[in-house]
Number of protein chains: 2
Amino acid sequence: MKDAHLRFAVLAADTALFTMRDGTLYVRLISVDRPPHFKNVPGLPGGLLHPSETAEKAAARHMKEKAGIKAGKMYVEQLYTFSKVDRDPRGRVVAVAYLALVPWNTLSTREQSDANGAKWVAVKDARHLAYDHDAILMLAIQRLRSRVRYTTLINKLMPREFTLTELENAYECLTSSNLDKRNFRKKILKLKILKELPHKKSSGRFRPAQLYSFVSPNVSEIEIL
Amino acid sequence: MKDAHLRFAVLAADTALFTMRDGTLYVRLISVDRPPHFKNVPGLPGGLLHPSETAEKAAARHMKEKAGIKAGKMYVEQLYTFSKVDRDPRGRVVAVAYLALVPWNTLSTREQSDANGAKWVAVKDARHLAYDHDAILMLAIQRLRSRVRYTTLINKLMPREFTLTELENAYECLTSSNLDKRNFRKKILKLKILKELPHKKSSGRFRPAQLYSFVSPNVSEIEIL
DNA sequence: CCAAAAGTGTTTTTCCTACACCCATGT
DNA sequence: ACATGGGTGTAGGAAAAACACTTTTGG
């Protein structure tokens with residue numbers, strides 16, 4: 001890194017992008033290849049800021065360039081800024097980390113697949129990442145799990161239309177809990193954050209399920225679980 | 001700012017330090033004197049990072065140097081990183097902002113008083129600050145108010161020993177609410193986060209009040225209000 | 001008619017809220 | 001003895017938790 005000698009730290013933006021599929025949470029990882037420290041080690045997508053770009057913009061740009069995911073469809077919020085002096089062995093880099101979410105079904109075939117070393121990895125298998133990305137990822141997962149309980153954040157992981165069972169499964173996956181079907185439905189419907197759609201999902205050879213969507217696309221603070 | 005021409009943004013750390021006194025929340029402000037943009041405008045204490053110092057360290061150092069408050073006694077947590085390109089009119093400065101709390105009674109006489117342009121200002125009077133510090137302060141207050149509801153953060157604003165009435169007043173001040181004395185006591189005692197001390201506070205000419213302290217000095221996540 | 005997931009109600013318990021009076025102390 | 005803030009209990013309503021069977025569909 002040619003700028004490591006600068007008087008001031010260099011700034012980077014790293015993103016932990018999650019999606020959910022088949023009741024499992026996945027994170028988008030790229031391959032970090034920076035010998036001698038990192039030879040094809042998995043890591044979170046990210047990179048340096050341009051001189052006149054916000055950290056958010058840089059995060060989106062690197063997400064596109066390195067992880068192949070277009071920024072527009074992601075929900076992004078700032079997670080934490082990591083400023084430990086030795087977090088990058090090659091020089092002083094301060095990273096603004098972002099937590100991002102995207103519904104699996106809104107991804108294109110290319111975005112769903114592995115390419116250029118970028119791939120979707122089940123979070124339980126995402127370990128031994130480059131730099132301090134293990135710590136960033138752990139914090140992101142913790143924040144996601146916590147915010148799901150008292151905000152409508154799960155919205156940003158669900159397809160636009162979904163059944164109550166799918167929503168319940170998503171909550172159970174994120175909070176590692178088993179919810180009572182009847183109580184869950186009573187509670188979530190009483191919150192008035194969902195609207196019943198005029199059609200049903202004939203998903204298989206069984207009874208079709210009523211479809212719902214969130215009333216508002218925004219993430220709001222409501223006690224949920 | 002001689003470094004504004006650098007290829008990368010310069011990093012700063014700014015701190016919103018709060019204390020509580022007589023049922024009012026105060027924030028520590030300094031005087032920012034950087035003509036032509038800011039001539040003795042109030043602002044949050046902060047400044048640039050040294051090249052091999054974490055943002056936390058820089059925040060503590062500037063707090064000491066500019067606001068005259070020793071770092072050891074403060075509780076500090078990261079608030080948000082502000083990276084708008086034009087947030088500092090003199091150049092590209094990205095600020096890592098911190099939310100800090102200190103109990104009024106642990107401050108020395110010097111720290112309690114105004115000196116060198118540093119002073120304690122009631123938050124309702126803290127406006128028209130330098131840079132984007134209005135936004136930082138607003139976010140800090142919002143975060144403080146929100147975290148007080150579901151964590152034991154208020155611990156870090158209270159003296160080590162306090163009466164239940166004092167604690168209730170602190171909650172009422174922070175959440176702008178009126179709590180029922182009996183219900184508040186029942187609830188807070190059921191949480192088991194307080195321990196009754198063996199002595200009472202003979203505060204005036206009235207009935208002495210039982211003193212309590214927090215069981216743990218840590219900030220933990222518990223639904224409180 | 002069978003398999004599989006969708007959908008639904010009641011009871012019990014817990015928690016929250018509203019509310020008013022006596023207590024202990026210093027002067 | 002009085003002024004002042006400290007301290008307590010109960011009843012009614014709302015919300016949460018526990019719990020099992022019927023419905024709808026495709027094959």
# chains A, B, ... in the order shown; residues from 1 in each chain; ligands from 1
>>> select_by_dssp(residues="stretch 20-203 of chain B", states="alpha helix (DSSP H)", output="PDB file with C-alpha atoms, in the first residue's frame")
ATOM      1  CA  ALA B  55     -10.103   7.147  17.260  1.00  0.00           C
ATOM      2  CA  GLU B  56     -11.027   6.391  20.886  1.00  0.00           C
ATOM      3  CA  LYS B  57      -7.611   7.569  22.065  1.00  0.00           C
ATOM      4  CA  ALA B  58      -7.851  10.718  20.003  1.00  0.00           C
ATOM      5  CA  ALA B  59     -11.291  11.442  21.399  1.00  0.00           C
ATOM      6  CA  ALA B  60      -9.971  11.053  24.935  1.00  0.00           C
ATOM      7  CA  ARG B  61      -6.930  13.197  24.256  1.00  0.00           C
ATOM      8  CA  HIS B  62      -8.897  16.081  22.776  1.00  0.00           C
ATOM      9  CA  MET B  63     -11.419  15.814  25.573  1.00  0.00           C
ATOM     10  CA  LYS B  64      -8.643  16.289  28.054  1.00  0.00           C
ATOM     11  CA  GLU B  65      -6.797  19.010  26.173  1.00  0.00           C
ATOM     12  CA  LYS B  66      -9.727  21.068  24.952  1.00  0.00           C
ATOM     13  CA  ALA B  67     -12.564  20.385  27.357  1.00  0.00           C
ATOM     14  CA  THR B 109     -14.171  21.465  40.832  1.00  0.00           C
ATOM     15  CA  ARG B 110     -12.091  22.451  37.830  1.00  0.00           C
ATOM     16  CA  GLU B 111     -13.961  20.000  35.609  1.00  0.00           C
ATOM     17  CA  GLN B 112     -17.310  21.236  36.832  1.00  0.00           C
ATOM     18  CA  HIS B 133     -22.025  19.448  15.340  1.00  0.00           C
ATOM     19  CA  ASP B 134     -25.719  20.271  15.569  1.00  0.00           C
ATOM     20  CA  ALA B 135     -26.392  17.029  13.733  1.00  0.00           C
ATOM     21  CA  ILE B 136     -23.898  15.091  15.842  1.00  0.00           C
ATOM     22  CA  LEU B 137     -25.386  16.415  19.056  1.00  0.00           C
ATOM     23  CA  MET B 138     -28.937  15.672  17.945  1.00  0.00           C
ATOM     24  CA  LEU B 139     -28.004  12.132  17.095  1.00  0.00           C
ATOM     25  CA  ALA B 140     -26.196  11.733  20.407  1.00  0.00           C
ATOM     26  CA  ILE B 141     -29.215  12.916  22.366  1.00  0.00           C
ATOM     27  CA  GLN B 142     -31.515  10.669  20.398  1.00  0.00           C
ATOM     28  CA  ARG B 143     -29.232   7.684  20.948  1.00  0.00           C
ATOM     29  CA  LEU B 144     -28.917   8.441  24.644  1.00  0.00           C
ATOM     30  CA  ARG B 145     -32.672   8.703  25.066  1.00  0.00           C
ATOM     31  CA  SER B 146     -33.248   5.524  23.185  1.00  0.00           C
ATOM     32  CA  ARG B 147     -30.548   3.465  24.877  1.00  0.00           C
ATOM     33  CA  VAL B 148     -31.680   4.528  28.302  1.00  0.00           C
ATOM     34  CA  ARG B 149     -34.928   2.645  27.688  1.00  0.00           C
ATOM     35  CA  TYR B 150     -33.485  -0.756  27.004  1.00  0.00           C
ATOM     36  CA  LEU B 164     -34.789   5.669  44.049  1.00  0.00           C
ATOM     37  CA  THR B 165     -36.276   9.119  43.745  1.00  0.00           C
ATOM     38  CA  GLU B 166     -33.040  10.410  42.242  1.00  0.00           C
ATOM     39  CA  LEU B 167     -33.001   7.540  39.774  1.00  0.00           C
ATOM     40  CA  GLU B 168     -36.625   8.142  38.867  1.00  0.00           C
ATOM     41  CA  ASN B 169     -35.901  11.818  38.299  1.00  0.00           C
ATOM     42  CA  ALA B 170     -33.031  10.916  36.011  1.00  0.00           C
ATOM     43  CA  TYR B 171     -35.286   8.688  33.923  1.00  0.00           C
ATOM     44  CA  GLU B 172     -37.950  11.357  33.803  1.00  0.00           C
ATOM     45  CA  CYS B 173     -35.418  13.950  32.704  1.00  0.00           C
ATOM     46  CA  LEU B 174     -34.033  11.746  29.942  1.00  0.00           C
ATOM     47  CA  THR B 175     -37.317  10.464  28.619  1.00  0.00           C
ATOM     48  CA  LYS B 181     -43.478   6.478  41.892  1.00  0.00           C
ATOM     49  CA  ARG B 182     -44.894   3.173  43.094  1.00  0.00           C
ATOM     50  CA  ASN B 183     -44.843   1.485  39.717  1.00  0.00           C
ATOM     51  CA  PHE B 184     -41.344   2.695  38.996  1.00  0.00           C
ATOM     52  CA  ARG B 185     -40.033   1.232  42.227  1.00  0.00           C
ATOM     53  CA  LYS B 186     -41.718  -2.094  41.722  1.00  0.00           C
ATOM     54  CA  LYS B 187     -40.389  -2.384  38.204  1.00  0.00           C
ATOM     55  CA  ILE B 188     -36.824  -1.300  38.796  1.00  0.00           C
ATOM     56  CA  LEU B 189     -36.461  -3.498  41.863  1.00  0.00           C
ATOM     57  CA  LYS B 190     -37.829  -6.532  40.050  1.00  0.00           C
TER      58      LYS B 190
END
>>> interface_residues(of="chain B", to="chain C", cutoff="9 Å", atoms="only C-alpha atoms (C1' of nucleotides)", output="compact mmCIF listing (two decimals) with C-alpha atoms, in the first residue's frame")
# COMPACT_ATOMS: atom_id res chain seq x y z
CA ASN B 183 -44.84 1.48 39.72
CA SER B 202 -29.95 12.03 55.44
CA GLY B 204 -32.16 17.30 54.54
CA ARG B 205 -34.48 17.83 57.35
CA PHE B 206 -36.83 15.07 56.18
CA ARG B 207 -37.09 11.37 56.29
CA PRO B 208 -33.80 9.74 55.17
>>> atom_distance(atom1="atom CA of A:Ser203", atom2="atom CA of A:Val27")
26.7 Å
>>> closest_atom_pairs(of="chain D", to="chain A", cutoff="6 Å", atoms="only C-alpha atoms (C1' of nucleotides)", output="CSV")
residue,atom,partner,partner_atom,distance
D:DT24,C1',A:Arg207,CA,4.6
D:DT25,C1',A:Arg207,CA,4.2
D:DG26,C1',A:Arg205,CA,4.2
>>> write_last_selection(atoms="C-alpha atoms (C1' of nucleotides)", output="PDB file, in the first residue's frame")
ATOM      1  C1'  DT D  24     -57.573 -26.886   2.178  1.00  0.00           C
ATOM      2  C1'  DT D  25     -55.186 -28.549  -1.472  1.00  0.00           C
ATOM      3  C1'  DG D  26     -52.684 -31.892  -4.980  1.00  0.00           C
TER       4       DG D  26
END
>>> atom_distance(atom1="atom CA of A:Ile30", atom2="atom CA of A:Val85")
23.4 Å
>>> closest_atom_pairs(of="chain A", to="chain B", cutoff="8 Å", atoms="only C-alpha atoms", output="Markdown table")
| residue | atom | partner | partner_atom | distance |
| --- | --- | --- | --- | --- |
| A:Arg7 | CA | B:Pro51 | CA | 5.6 |
| A:Phe8 | CA | B:Pro51 | CA | 5.0 |
| A:Ala9 | CA | B:Pro51 | CA | 6.1 |
| A:Val10 | CA | B:Phe8 | CA | 6.3 |
| A:Leu11 | CA | B:Ala9 | CA | 7.0 |
| A:Leu49 | CA | B:Phe8 | CA | 7.4 |
| A:His50 | CA | B:Phe8 | CA | 7.0 |
| A:Pro51 | CA | B:Phe8 | CA | 5.0 |
| A:Ser52 | CA | B:Val85 | CA | 6.0 |
| A:Glu53 | CA | B:Val85 | CA | 6.5 |
| A:Thr54 | CA | B:Ser83 | CA | 5.2 |
| A:Ala55 | CA | B:Ser83 | CA | 5.9 |
| A:Gln78 | CA | B:Tyr80 | CA | 7.6 |
| A:Tyr80 | CA | B:Tyr80 | CA | 7.1 |
| A:Thr81 | CA | B:Thr81 | CA | 6.9 |
| A:Ser83 | CA | B:Thr54 | CA | 5.2 |
| A:Lys84 | CA | B:Thr54 | CA | 5.5 |
| A:Val85 | CA | B:Ser52 | CA | 6.0 |
| A:Arg92 | CA | B:Ser52 | CA | 7.6 |
| A:Val96 | CA | B:Thr81 | CA | 7.4 |
>>> residues_around(residues="stretch 126-131 of chain B", least_positions_apart="2", cutoff="12 Å", atoms="only C-alpha atoms (C1' of nucleotides)", output="NGL selection string")
:B and (14 or 16 or 18 or 25-35 or 37-46 or 82 or 84-95 or 119-124 or 133-138 or 141)
